[in-house]
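Engineer: Got a structure for you, query-v2.tsv, holding TSV, C-alpha atoms.
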chain	number	residue	atom	x	y	z
A	5	MET	CA	106.89	108.47	76.84
A	6	ILE	CA	107.83	111.99	77.88
A	7	PHE	CA	106.57	114.39	80.53
A	8	VAL	CA	105.31	117.70	79.17
A	9	LYS	CA	104.53	120.65	81.46
A	10	HIS	CA	101.09	122.19	81.18
A	11	ASP	CA	102.32	125.33	79.39
A	12	LYS	CA	104.02	123.25	76.69
A	13	LEU	CA	101.04	121.05	75.82
A	14	LYS	CA	99.83	121.22	72.23
A	15	GLU	CA	96.74	120.05	70.40
A	16	GLY	CA	97.20	116.63	68.82
A	17	MET	CA	99.56	115.23	71.46
A	18	ARG	CA	98.63	111.66	72.47
A	19	LEU	CA	97.97	110.88	76.11
A	20	ALA	CA	100.02	108.15	77.80
A	21	LYS	CA	97.71	108.19	80.82
A	22	PRO	CA	93.97	108.84	81.14
A	23	ILE	CA	92.53	112.05	82.61
A	24	TYR	CA	89.70	111.97	85.16
A	25	ASP	CA	87.68	114.72	86.76
A	26	LYS	CA	87.37	115.17	90.54
A	27	LYS	CA	84.57	112.60	90.71
A	28	GLY	CA	86.52	109.95	88.84
A	29	VAL	CA	84.65	110.34	85.56
A	30	LEU	CA	86.89	109.49	82.61
A	31	LEU	CA	87.45	112.56	80.46
A	32	TYR	CA	90.19	111.39	78.12
A	33	GLU	CA	91.36	107.83	77.51
A	34	ARG	CA	94.95	106.77	76.88
A	35	ASP	CA	96.11	107.30	73.28
A	36	SER	CA	93.45	109.98	72.71
A	37	LYS	CA	94.67	113.23	71.18
A	38	LEU	CA	94.68	116.42	73.19
A	39	THR	CA	92.16	119.06	72.16
A	40	ARG	CA	92.03	122.71	73.11
A	41	GLN	CA	89.32	121.82	75.63
A	42	GLY	CA	91.54	119.11	77.09
A	43	ILE	CA	94.42	121.52	77.56
A	44	GLU	CA	92.09	123.97	79.28
A	45	SER	CA	90.92	121.16	81.59
A	46	VAL	CA	94.52	120.48	82.58
A	47	HIS	CA	94.94	124.14	83.52
A	48	ASN	CA	91.62	124.22	85.42
A	49	PHE	CA	92.47	121.08	87.43
A	50	GLY	CA	95.84	122.52	88.45
A	51	ILE	CA	97.70	119.60	86.84
A	52	ILE	CA	101.34	120.54	86.27
A	53	GLY	CA	101.72	118.41	83.18
A	54	LEU	CA	100.93	115.16	81.41
A	55	TYR	CA	102.74	112.08	80.21
A	56	ILE	CA	102.65	112.14	76.43
A	57	LEU	CA	103.37	109.37	73.93
A	58	GLU	CA	106.02	110.14	71.38
A	59	PRO	CA	104.85	110.18	67.72
A	60	ALA	CA	105.62	106.56	66.85
A	61	GLU	CA	105.35	105.13	70.37
A	62	PRO	CA	102.74	102.42	71.01
A	63	VAL	CA	100.53	102.57	74.08
A	64	PRO	CA	102.46	100.86	76.92
A	65	PRO	CA	100.88	97.84	78.63
A	66	ILE	CA	99.05	98.48	81.88
A	67	THR	CA	96.79	96.28	84.00
A	68	GLU	CA	93.25	97.09	85.04
A	69	GLU	CA	94.41	97.15	88.66
A	70	ASP	CA	97.04	99.75	87.80
A	71	ILE	CA	94.45	101.88	86.03
A	72	GLU	CA	92.10	101.70	89.00
A	73	PHE	CA	94.97	102.52	91.37
A	74	GLU	CA	95.90	105.69	89.49
A	75	LYS	CA	92.25	106.70	89.20
A	76	PHE	CA	91.75	106.24	92.94
A	77	GLN	CA	94.87	108.30	93.63
A	78	MET	CA	93.63	111.20	91.52
A	79	VAL	CA	90.10	111.28	92.92
A	80	SER	CA	91.16	110.79	96.55
A	81	THR	CA	93.75	113.56	96.35
A	82	PHE	CA	90.96	116.08	95.78
A	83	THR	CA	89.00	114.57	98.67
A	84	ILE	CA	91.95	114.96	101.05
A	85	GLN	CA	92.49	118.55	99.94
A	86	ASP	CA	88.88	119.42	100.78
A	87	GLU	CA	89.05	117.43	104.00
A	88	TRP	CA	92.16	119.16	105.31
A	89	LYS	CA	90.53	122.50	104.61
A	90	SER	CA	87.48	121.44	106.60
A	91	ILE	CA	89.63	120.17	109.49
A	92	ARG	CA	91.60	123.41	109.67
A	93	GLU	CA	88.70	125.83	109.23
A	94	LYS	CA	85.77	124.00	110.84
A	95	GLY	CA	87.33	121.34	113.03
A	96	GLN	CA	85.38	118.69	111.14
A	97	ALA	CA	86.40	115.71	109.02
A	98	PRO	CA	83.13	114.48	107.48
A	99	ALA	CA	84.68	112.52	104.59
A	100	THR	CA	87.58	110.89	106.45
A	101	PRO	CA	85.74	107.80	107.78
A	102	THR	CA	84.42	107.01	104.30
A	103	LEU	CA	87.82	107.48	102.67
A	104	VAL	CA	89.49	105.31	105.32
A	105	SER	CA	86.88	102.62	104.70
A	106	GLN	CA	87.51	102.78	100.94
A	107	ILE	CA	91.26	102.51	101.37
A	108	ILE	CA	90.98	99.50	103.66
A	109	LYS	CA	88.42	97.83	101.40
A	110	ARG	CA	90.62	98.29	98.34
A	111	TYR	CA	94.11	97.79	99.79
A	112	GLY	CA	93.73	96.51	103.33
A	113	ARG	CA	92.52	93.09	102.22
A	114	LEU	CA	94.60	92.28	99.13
A	115	ASP	CA	95.78	88.69	98.70
A	116	HIS	CA	98.61	89.67	96.34
A	117	LYS	CA	101.34	92.27	95.99
A	118	LEU	CA	100.42	95.68	94.60
A	119	ASN	CA	102.19	97.66	91.90
A	120	PHE	CA	102.70	100.78	93.98
A	121	ILE	CA	102.69	103.48	91.29
A	122	GLN	CA	103.98	106.93	92.13
A	123	SER	CA	102.39	109.91	90.39
A	124	LEU	CA	104.16	113.19	89.73
A	125	ARG	CA	103.68	115.78	92.47
A	126	SER	CA	103.53	119.55	92.33
A	127	GLN	CA	104.06	122.06	95.13
A	128	GLU	CA	100.27	122.44	95.29
A	129	ASP	CA	99.33	118.79	95.77
A	130	LYS	CA	102.40	117.05	97.20
A	131	HIS	CA	101.18	116.90	100.81
A	132	TYR	CA	97.78	115.48	99.82
A	133	LYS	CA	99.29	112.84	97.54
A	134	HIS	CA	101.81	111.91	100.21
A	135	ALA	CA	99.07	111.49	102.83
A	136	LEU	CA	97.07	109.24	100.53
A	137	ASN	CA	100.01	107.04	99.55
A	138	VAL	CA	101.12	106.66	103.16
A	139	ALA	CA	97.57	105.65	104.08
A	140	ILE	CA	97.49	103.04	101.30
A	141	LEU	CA	100.84	101.63	102.41
A	142	CYS	CA	99.60	101.49	106.00
A	143	ALA	CA	96.52	99.59	104.87
A	144	LEU	CA	98.68	97.08	102.98
A	145	MET	CA	101.09	96.53	105.86
A	146	THR	CA	98.48	96.30	108.62
A	147	HIS	CA	96.73	93.62	106.60
A	148	LYS	CA	99.95	91.71	106.06
A	149	MET	CA	100.65	91.89	109.81
A	150	ASN	CA	97.12	90.75	110.73
A	151	VAL	CA	96.39	93.92	112.67
A	152	LYS	CA	92.90	94.09	114.16
A	153	LEU	CA	90.38	96.10	112.16
A	154	ASN	CA	90.01	98.89	114.73
A	155	GLU	CA	93.80	99.34	114.93
A	156	GLN	CA	94.04	99.22	111.15
A	157	ASN	CA	91.37	101.91	110.95
A	158	ASP	CA	93.24	104.14	113.45
A	159	THR	CA	96.56	103.70	111.62
A	160	VAL	CA	95.14	104.53	108.19
A	161	THR	CA	93.31	107.54	109.66
A	162	ALA	CA	96.52	108.77	111.29
A	163	ALA	CA	98.32	108.43	107.96
A	164	LEU	CA	95.74	110.63	106.23
A	165	VAL	CA	96.24	113.54	108.62
A	166	HIS	CA	99.80	113.18	109.93
A	167	ASP	CA	101.24	115.97	107.75
A	168	ILE	CA	98.42	118.50	107.99
A	169	GLY	CA	100.61	121.06	109.78
A	170	LYS	CA	103.00	121.25	106.82
A	171	LEU	CA	100.45	123.36	104.95
A	172	ASP	CA	101.65	126.30	107.06
A	173	THR	CA	105.28	125.91	105.98
A	174	PRO	CA	106.51	129.15	104.35
A	175	GLN	CA	106.49	129.09	100.56
A	176	GLU	CA	110.18	129.95	100.31
A	177	ILE	CA	110.98	126.65	102.05
A	178	GLU	CA	108.33	124.67	100.17
A	179	ILE	CA	109.71	125.58	96.76
A	180	ARG	CA	113.35	124.89	97.62
A	181	THR	CA	114.84	122.40	95.19
A	182	GLU	CA	118.20	121.92	96.91
A	183	GLY	CA	118.89	120.27	100.27
A	184	LEU	CA	117.18	121.77	103.29
A	185	SER	CA	119.29	123.55	105.89
A	186	ASP	CA	119.08	122.91	109.63
A	187	SER	CA	117.01	126.08	110.04
A	188	ASP	CA	114.65	124.89	107.28
A	189	ASN	CA	114.17	121.56	109.04
A	190	GLU	CA	113.52	123.35	112.33
A	191	ALA	CA	110.87	125.50	110.66
A	192	ILE	CA	109.17	122.45	109.16
A	193	TYR	CA	109.32	120.76	112.56
A	194	LYS	CA	107.65	123.76	114.20
A	195	TYR	CA	104.79	123.98	111.72
A	196	GLU	CA	104.22	120.25	111.66
A	197	ALA	CA	104.01	120.20	115.47
A	198	GLN	CA	101.62	123.16	115.51
A	199	GLY	CA	99.35	121.26	113.15
A	200	PHE	CA	98.62	118.65	115.79
A	201	GLN	CA	96.24	121.10	117.45
A	202	TYR	CA	93.76	120.35	114.66
A	203	LEU	CA	93.73	116.68	115.63
A	204	ASP	CA	92.61	117.46	119.20
A	205	ARG	CA	89.30	118.85	117.99
A	206	VAL	CA	88.55	116.33	115.28
A	207	PHE	CA	89.72	113.07	116.86
A	208	ASP	CA	88.99	113.64	120.55
A	209	SER	CA	86.88	110.46	120.58
A	210	THR	CA	89.64	108.39	118.96
A	211	PRO	CA	92.81	109.32	120.89
A	212	ALA	CA	94.76	106.48	119.26
A	213	VAL	CA	94.88	108.48	116.02
A	214	LYS	CA	96.75	111.40	117.56
A	215	ARG	CA	98.91	109.03	119.62
A	216	ILE	CA	100.10	107.25	116.47
A	217	VAL	CA	100.85	110.56	114.75
A	218	MET	CA	102.66	112.04	117.75
A	219	GLN	CA	104.76	108.96	118.53
A	220	SER	CA	105.97	108.55	114.95
A	221	PHE	CA	106.71	112.28	114.68
A	222	ARG	CA	108.69	112.47	117.93
A	223	GLN	CA	110.68	109.32	117.16
A	224	ARG	CA	111.54	110.52	113.67
A	225	GLU	CA	112.62	113.92	114.95
A	226	ALA	CA	114.65	112.40	117.77
A	227	PHE	CA	116.73	110.43	115.29
A	228	ARG	CA	117.08	113.48	113.04
A	229	ARG	CA	118.54	115.36	115.99
A	230	GLY	CA	120.85	112.49	116.87
A	231	ASN	CA	119.29	111.46	120.18
A	232	GLY	CA	116.82	108.80	119.06
A	233	ASP	CA	116.19	105.78	121.26
A	234	PRO	CA	115.90	102.49	119.30
A	235	ASN	CA	114.24	100.94	122.37
A	236	ALA	CA	111.56	103.59	122.71
A	237	LYS	CA	108.11	102.16	123.36
A	238	LEU	CA	106.01	102.85	120.28
A	239	SER	CA	102.62	101.57	119.26
A	240	LEU	CA	102.59	99.26	116.25
A	241	GLY	CA	100.63	101.90	114.35
A	242	ALA	CA	103.43	104.44	114.90
A	243	LYS	CA	106.06	101.98	113.66
A	244	ILE	CA	104.00	101.26	110.55
A	245	LEU	CA	103.43	104.96	109.91
A	246	MET	CA	107.17	105.67	110.15
A	247	VAL	CA	108.03	103.05	107.51
A	248	ALA	CA	105.23	104.12	105.16
A	249	ASP	CA	106.08	107.81	105.57
A	250	LYS	CA	109.77	107.32	104.78
A	251	PHE	CA	109.22	104.96	101.87
A	252	ASP	CA	106.80	107.26	100.12
A	253	SER	CA	108.85	110.39	100.84
A	254	ILE	CA	112.00	109.12	99.19
A	255	THR	CA	110.33	107.37	96.23
A	256	ALA	CA	108.04	110.33	95.43
A	257	MET	CA	108.28	111.91	92.00
A	258	ASN	CA	108.47	115.65	91.43
A	259	GLU	CA	109.57	117.91	88.61
A	260	HIS	CA	112.81	118.96	90.32
A	261	ALA	CA	114.57	115.73	91.28
A	262	GLU	CA	114.88	112.05	90.42
A	263	PRO	CA	113.11	109.79	92.93
A	264	THR	CA	114.84	107.03	94.82
A	265	SER	CA	113.93	103.62	93.38
A	266	GLU	CA	111.86	101.21	95.42
A	267	ILE	CA	114.77	98.80	95.84
A	268	SER	CA	117.05	101.57	97.11
A	269	ALA	CA	114.32	102.75	99.48
A	270	VAL	CA	113.79	99.23	100.85
A	271	ARG	CA	117.53	98.78	101.25
A	272	TYR	CA	117.68	102.05	103.23
A	273	LEU	CA	114.91	100.88	105.56
A	274	MET	CA	116.61	97.53	106.05
A	275	ASP	CA	119.94	99.19	106.79
A	276	ASN	CA	118.42	101.31	109.58
A	277	PRO	CA	116.51	98.84	111.80
A	278	GLU	CA	117.10	101.01	114.86
A	279	ILE	CA	114.74	103.57	113.29
A	280	TYR	CA	112.49	101.49	111.07
A	281	ASP	CA	111.18	98.29	112.61
A	282	SER	CA	112.42	95.25	110.65
A	283	THR	CA	109.14	93.36	110.98
A	284	VAL	CA	107.27	96.33	109.51
A	285	THR	CA	109.78	96.69	106.68
A	286	ASP	CA	109.31	92.98	105.91
A	287	ALA	CA	105.55	93.59	105.74
A	288	LEU	CA	106.16	96.39	103.24
A	289	VAL	CA	108.31	94.11	101.08
A	290	ASP	CA	105.59	91.46	101.21
A	291	SER	CA	102.93	94.01	100.18
A	292	ILE	CA	104.31	95.67	97.04
A	293	ASN	CA	106.21	94.58	93.96
A	294	ILE	CA	109.88	95.50	94.20
A	295	LEU	CA	111.83	93.30	91.78
A	296	VAL	CA	109.24	91.62	89.57
A	297	PRO	CA	110.06	89.24	86.72
A	298	GLY	CA	110.54	91.34	83.60
A	299	CYS	CA	112.27	94.36	85.08
A	300	THR	CA	115.75	95.31	83.95
A	301	VAL	CA	118.38	95.82	86.65
A	302	GLU	CA	121.95	96.98	87.04
A	303	LEU	CA	124.23	94.96	89.31
A	304	THR	CA	126.89	96.31	91.63
A	305	ASN	CA	129.60	95.14	89.21
A	306	GLY	CA	128.13	97.31	86.43
A	307	ASP	CA	126.53	94.46	84.45
A	308	LYS	CA	122.87	94.59	83.46
A	309	GLY	CA	120.27	91.88	83.33
A	310	LEU	CA	116.63	90.84	83.39
A	311	VAL	CA	114.91	89.58	86.54
A	312	ILE	CA	113.29	86.25	85.64
A	313	ALA	CA	112.27	85.00	89.09
A	314	GLU	CA	111.80	86.51	92.53
A	315	ASN	CA	113.52	85.16	95.62
A	316	PRO	CA	110.79	84.59	98.24
A	317	ARG	CA	113.42	84.48	101.01
A	318	ASN	CA	115.21	87.71	100.05
A	319	VAL	CA	113.58	90.17	97.66
A	320	LEU	CA	116.95	91.83	96.97
A	321	LYS	CA	118.46	88.56	95.65
A	322	PRO	CA	116.43	87.47	92.59
A	323	VAL	CA	117.31	85.19	89.69
A	324	VAL	CA	118.74	87.30	86.85
A	325	LEU	CA	119.35	86.66	83.15
A	326	MET	CA	122.59	88.48	82.28
A	327	PHE	CA	122.63	90.48	79.06
A	328	SER	CA	126.40	90.13	78.64
A	329	ASP	CA	126.51	86.38	78.09
A	330	ASN	CA	122.93	85.05	78.47
A	331	SER	CA	123.89	83.27	81.68
A	332	ILE	CA	121.39	82.86	84.51
A	333	ILE	CA	122.56	83.66	88.03
A	334	ASP	CA	120.73	83.19	91.31
A	335	LEU	CA	121.92	86.00	93.58
A	336	GLY	CA	120.46	84.07	96.51
A	337	GLN	CA	123.38	81.65	96.22
A	338	GLU	CA	125.73	83.88	98.16
A	339	LEU	CA	128.47	81.25	98.44
A	340	ILE	CA	128.82	81.47	94.66
A	341	TYR	CA	128.11	85.15	93.97
A	342	GLY	CA	129.44	86.65	97.19
A	343	ASN	CA	128.58	90.32	97.59
A	344	LEU	CA	127.12	90.75	94.10
A	345	ASP	CA	123.84	92.65	94.50
A	346	ILE	CA	121.24	94.60	92.60
A	347	LYS	CA	122.39	98.22	92.39
A	348	ASP	CA	119.17	99.64	90.98
A	349	VAL	CA	116.19	99.10	88.69
A	350	MET	CA	115.96	100.64	85.23
A	351	LYS	CA	112.56	102.28	84.87
A	352	THR	CA	110.32	103.69	82.19
A	353	MET	CA	109.83	107.46	81.96
A	354	ASP	CA	106.93	107.44	84.44
A	355	ASN	CA	108.92	105.40	86.99
A	356	ARG	CA	107.03	102.21	86.15
A	357	VAL	CA	108.64	98.85	85.42
A	358	ALA	CA	107.49	97.73	81.99
A	359	VAL	CA	106.54	94.06	82.14
A	360	ASP	CA	104.97	91.87	79.45
A	361	ARG	CA	103.20	89.45	81.78
A	362	SER	CA	102.03	87.06	79.06
A	363	ALA	CA	105.57	86.72	77.72
A	364	MET	CA	107.02	86.21	81.18
A	365	GLU	CA	104.46	83.58	82.16
A	366	SER	CA	104.03	81.63	78.93
A	367	GLY	CA	107.17	82.42	76.98
A	368	PHE	CA	109.80	82.14	79.72
A	369	GLY	CA	108.15	79.43	81.77
A	370	ILE	CA	107.72	81.76	84.76
A	371	ASN	CA	104.56	81.67	86.81
A	372	LYS	CA	103.39	83.48	89.93
A	373	THR	CA	104.47	80.85	92.42
A	374	ASP	CA	107.05	81.60	95.07
A	375	GLU	CA	109.71	79.20	93.76
A	376	PRO	CA	111.80	79.88	90.63
A	377	MET	CA	111.13	77.60	87.68
A	378	ALA	CA	113.49	76.26	85.06
A	379	ILE	CA	113.98	78.47	82.00
A	380	ASP	CA	113.99	77.05	78.50
A	381	PRO	CA	117.45	77.98	77.10
A	382	ALA	CA	115.92	78.37	73.64
A	383	LEU	CA	113.98	81.36	74.92
A	384	LEU	CA	116.93	83.29	76.33
A	385	ASP	CA	117.32	85.48	73.25
A	386	LEU	CA	113.66	86.44	73.49
A	387	ALA	CA	114.16	87.33	77.14
A	388	VAL	CA	117.07	89.61	76.30
A	389	GLU	CA	115.10	91.30	73.56
A	390	THR	CA	112.17	91.96	75.90
A	391	GLY	CA	114.36	93.09	78.78
A	392	SER	CA	116.35	95.60	76.76
A	393	ASP	CA	113.40	98.01	76.82
A	394	GLY	CA	113.42	97.91	80.65
Written as structure tokens, that's how I'd like the structure from this file.

Structural biologist:
Amino acid sequence: MIFVKHDKLKEGMRLAKPIYDKKGVLLYERDSKLTRQGIESVHNFGIIGLYILEPAEPVPPITEEDIEFEKFQMVSTFTIQDEWKSIREKGQAPATPTLVSQIIKRYGRLDHKLNFIQSLRSQEDKHYKHALNVAILCALMTHKMNVKLNEQNDTVTAALVHDIGKLDTPQEIEIRTEGLSDSDNEAIYKYEAQGFQYLDRVFDSTPAVKRIVMQSFRQREAFRRGNGDPNAKLSLGAKILMVADKFDSITAMNEHAEPTSEISAVRYLMDNPEIYDSTVTDALVDSINILVPGCTVELTNGDKGLVIAENPRNVLKPVVLMFSDNSIIDLGQELIYGNLDIKDVMKTMDNRVAVDRSAMESGFGINKTDEPMAIDPALLDLAVETGSDG
């Protein structure tokens, strides 16, 4: 699978992902060949490029839930774009309550972990996609933390609008591909703060929405400036928004830089509990798949292996099948393996872990329970063969 920019697309290329219109109607299915009309649609939708299958590459496995998740992301991004325009120009947010309700219905009541799939972002849509993903993460975490429905609603709403002021950021800063300077960060801070004026008009009857946005913004900026207070009194919604905002920001995919992996992002959150509430970070870990059975990982000693069972007590310490000697190690047994940790996850081209669920569950004797199960030694070679594609 390769990513091809819109101006390099050619007729006959096979799609690795489906294409939908703004209403969610399927236009082109996976594995269908691009036509001239399809390429024109990509240009008209403002899509910066597509994931394309290489000539002999089979269609990668994907679950129905993953397909629905990506479809919802695409359709909702257009909704947020229109909604932010309405908020800024008319002081109205007619579609926000419905979108919040949809997000909570889909992701604020899940009884299992979600494959949180990042889509590629362009300069034109990055703020809208970020807002949506942060809102989805907030829905997941508020559910995991048993937050009351009205507080969950306020937190998800705050997530959808928290970055609206960034639309005014000068283009020369927006398109910068290198690290931002102090003056750049100050400019972003100024425009983001100015954007809160829009929230006064739209959410005057729900002051909790602006309070969540303002508290998370001020706390984040205080720590950026070096004078943050880890004991500051924040609402739970603000703490949740801060974790969701940071996680999505550093795992986001764009055409200029490699994203941080989910495990590295989670480790960063865990290593900074004075900024990111540990209970909220735990809720994030309990809401999305981080190190699922079937993903290929690199350890801190340079060795590589295949995750064959999660550790319900510590997501960063799974059971791993080592490629070097076919041994199985449980990183949770720290008395044996000391400081040996997962360094990172090896991903597919679109930043997705490729997992053959049927092989993992029936072939390796792994099921979806919390506790690791014994592995049939006769199947180790099959595990290595599957894991090598990562």

Engineer: Check the smallest atom-to-atom distance from each of A:Phe200, A:Lys347, A:Leu335, A:Asp290 to Lys308 in chain A using all atoms listed in the file, then report the winner.

Structural biologist: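 Closest candidate: A:Lys347.
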
Engineer: With distances taken over all atoms listed in the file, which of A:Val46, A:Gly169, A:Asn154, A:Ser253 is nearest to Val138 in chain A?

Structural biologist: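 Among the listed residues, the smallest separation from Val138 in chain A belongs to A:Ser253.
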
Engineer: Give me the residues within 9 Å of Tyr32 in chain A as JSON, numbers by chain, counting all atoms listed in the file and dropping any in the same chain fewer than 3 places off.

Structural biologist: {"A": [19, 21, 22, 23, 24, 35, 36, 37, 38, 42]}

Engineer: Of the residues A:Asn231, A:Gln127, A:Thr161, A:Ser220, which is the one nearest to Glu176 in chain A, using all atoms listed in the file?

Structural biologist: A:Gln127

Engineer: Can you work out the spacing between CA of Gly112 in chain A and CA of Met145 in chain A in Å, to one decimal?

Structural biologist: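 Rounded to one decimal, the two atoms are 7.8 Å apart.
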
Engineer: Could you check which of A:Ile91, A:Ile279, A:Leu141, A:Val324 is closest to Pro297 in chain A, using all atoms listed in the file?

Structural biologist: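 Of all the options, A:Val324 lies closest to Pro297 in chain A.
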
Engineer: Could you tell me how far CA of Val284 in chain A sits from CA of Lys130 in chain A, in Å to one decimal place?

Structural biologist: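 Value for the CA of Lys130 in chain A-CA of Val284 in chain A distance: 24.6 Å.
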
Engineer: Would you compute the distance between CA of Gly342 in chain A and CA of Gly306 in chain A? Give it in Å to one decimal.

Structural biologist: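 Between CA of Gly342 in chain A and CA of Gly306 in chain A the gap works out to 15.2 Å.
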
Engineer: Neighbours of Val151 in chain A within 12 Å (all atoms listed in the file; same-chain residues fewer than 4 positions away dropped), as a count of residues only?

Structural biologist: 21

Engineer: Pick the closest to Met326 in chain A from A:Ile312, A:Met5, A:Leu57, A:Ile254: which is it, counting all atoms listed in the file?

Structural biologist: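 The closest residue to Met326 in chain A is A:Ile312.
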
Engineer: Determine, counting all atoms listed in the file, every residue of protein, DNA or RNA that lies within 8 Å of (108.1, 101.7, 74.7) in the file coordinates, then give the result as an mmCIF file with C-alpha atoms, in the coordinates of the input.

Structural biologist:
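Final output, saved to point_39.cif:
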data_model
loop_
_atom_site.group_PDB
_atom_site.id
_atom_site.type_symbol
_atom_site.label_atom_id
_atom_site.label_comp_id
_atom_site.auth_asym_id
_atom_site.auth_seq_id
_atom_site.Cartn_x
_atom_site.Cartn_y
_atom_site.Cartn_z
ATOM 1 C CA MET A 5 106.890 108.470 76.840
ATOM 2 C CA GLU A 61 105.350 105.130 70.370
ATOM 3 C CA PRO A 62 102.740 102.420 71.010
ATOM 4 C CA VAL A 63 100.530 102.570 74.080
ATOM 5 C CA PRO A 64 102.460 100.860 76.920
ATOM 6 C CA ASP A 393 113.400 98.010 76.820
#

Engineer: List the neighbours of Gln77 in chain A out to 9 Å using all atoms listed in the file; skip same-chain residues closer than 3 positions along the sequence, and give me the result as a PyMOL selection string.

Structural biologist: chain A and resi 72-74+80-82+123+133+136-137

Engineer: A:Val289, A:Ser282, A:Ala269, A:Ile6: which is nearest Asp348 in chain A, counting all atoms listed in the file?

Structural biologist: A:Ala269

Engineer: Report as a PyMOL selection string all protein, DNA and RNA residues lying within 12 Å of range 69-71 of chain A, evaluated on only C-alpha atoms, omitting residues in the same chain fewer than 5 positions from it.

Structural biologist: chain A and resi 20-24+28+30+33-34+76-78+110-111+114+116-123+356-357

Engineer: Place a sphere of radius 10 Å on (93.5, 119.7, 101.8) in the file coordinates and name every protein, DNA or RNA residue with an atom inside or on its surface, counting all atoms listed in the file; give the answer as a ChimeraX atom specification.

Structural biologist: /A:81-92,128-129,131-133,135,165,168,171
